[in-house]
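**Q** Pasting in a structure now, in structure tokens, and then I'll have a few things to ask.
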Amino acid sequence: MKYYCDYCDTYLTHDSPSVRKTHCNGRKHKDNVRIYYQKWMEEQAQTLIDRTTAAFQAGKIQSNPFTGQQQKAPPMPGAARSSKVLRVSTTTEL
Ligand SMILES: [Zn+2]
């Protein structure tokens, strides 16, 4: 039986726990998972923007919340990673 990976859009030749584990720990798979969710989030955001813009143009809301937010700073790279490391080291101390 073959195992299909949704993220990589590919079939693994054998479906065994070790093969799947090796695949899921692979750099290519992790990249694909990240891209998959990034794309999904972008689509969600775009849908929200489109809906709000349509509502704004239809006069349903008085102000567009998406204007004047371009100055917002992007999240620090590696911020999530460092907090994870912090959490891990705290548990080790306990
Ligand atoms: Zn994969």
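Just so we're on the same page: first chain in the structure tokens is A, next is B, and so on; residues restart at 1 for each chain, and ligands are numbered from 1 in the order they show up.
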For Cys8 (chain A), work out the shell of residues within 12 Å, counting only C-alpha atoms and skipping chain neighbours fewer than 4 positions away, then give it as a count of residues only.

**A** 16

**Q** Identify, on the basis of only C-alpha atoms, every residue whose closest approach to region 43-49 of chain A does not exceed 8 Å; exclude the query and any residue fewer than 4 positions from it along the same chain; express the result as a list in words.

**A**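 That gives Lys39, Thr53 and Phe66 of chain A.
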
**Q** Which value, in Å to one decimal, gives the distance between CA of Thr22 (chain A) and CA of Cys5 (chain A)?

**A** 12.5 Å
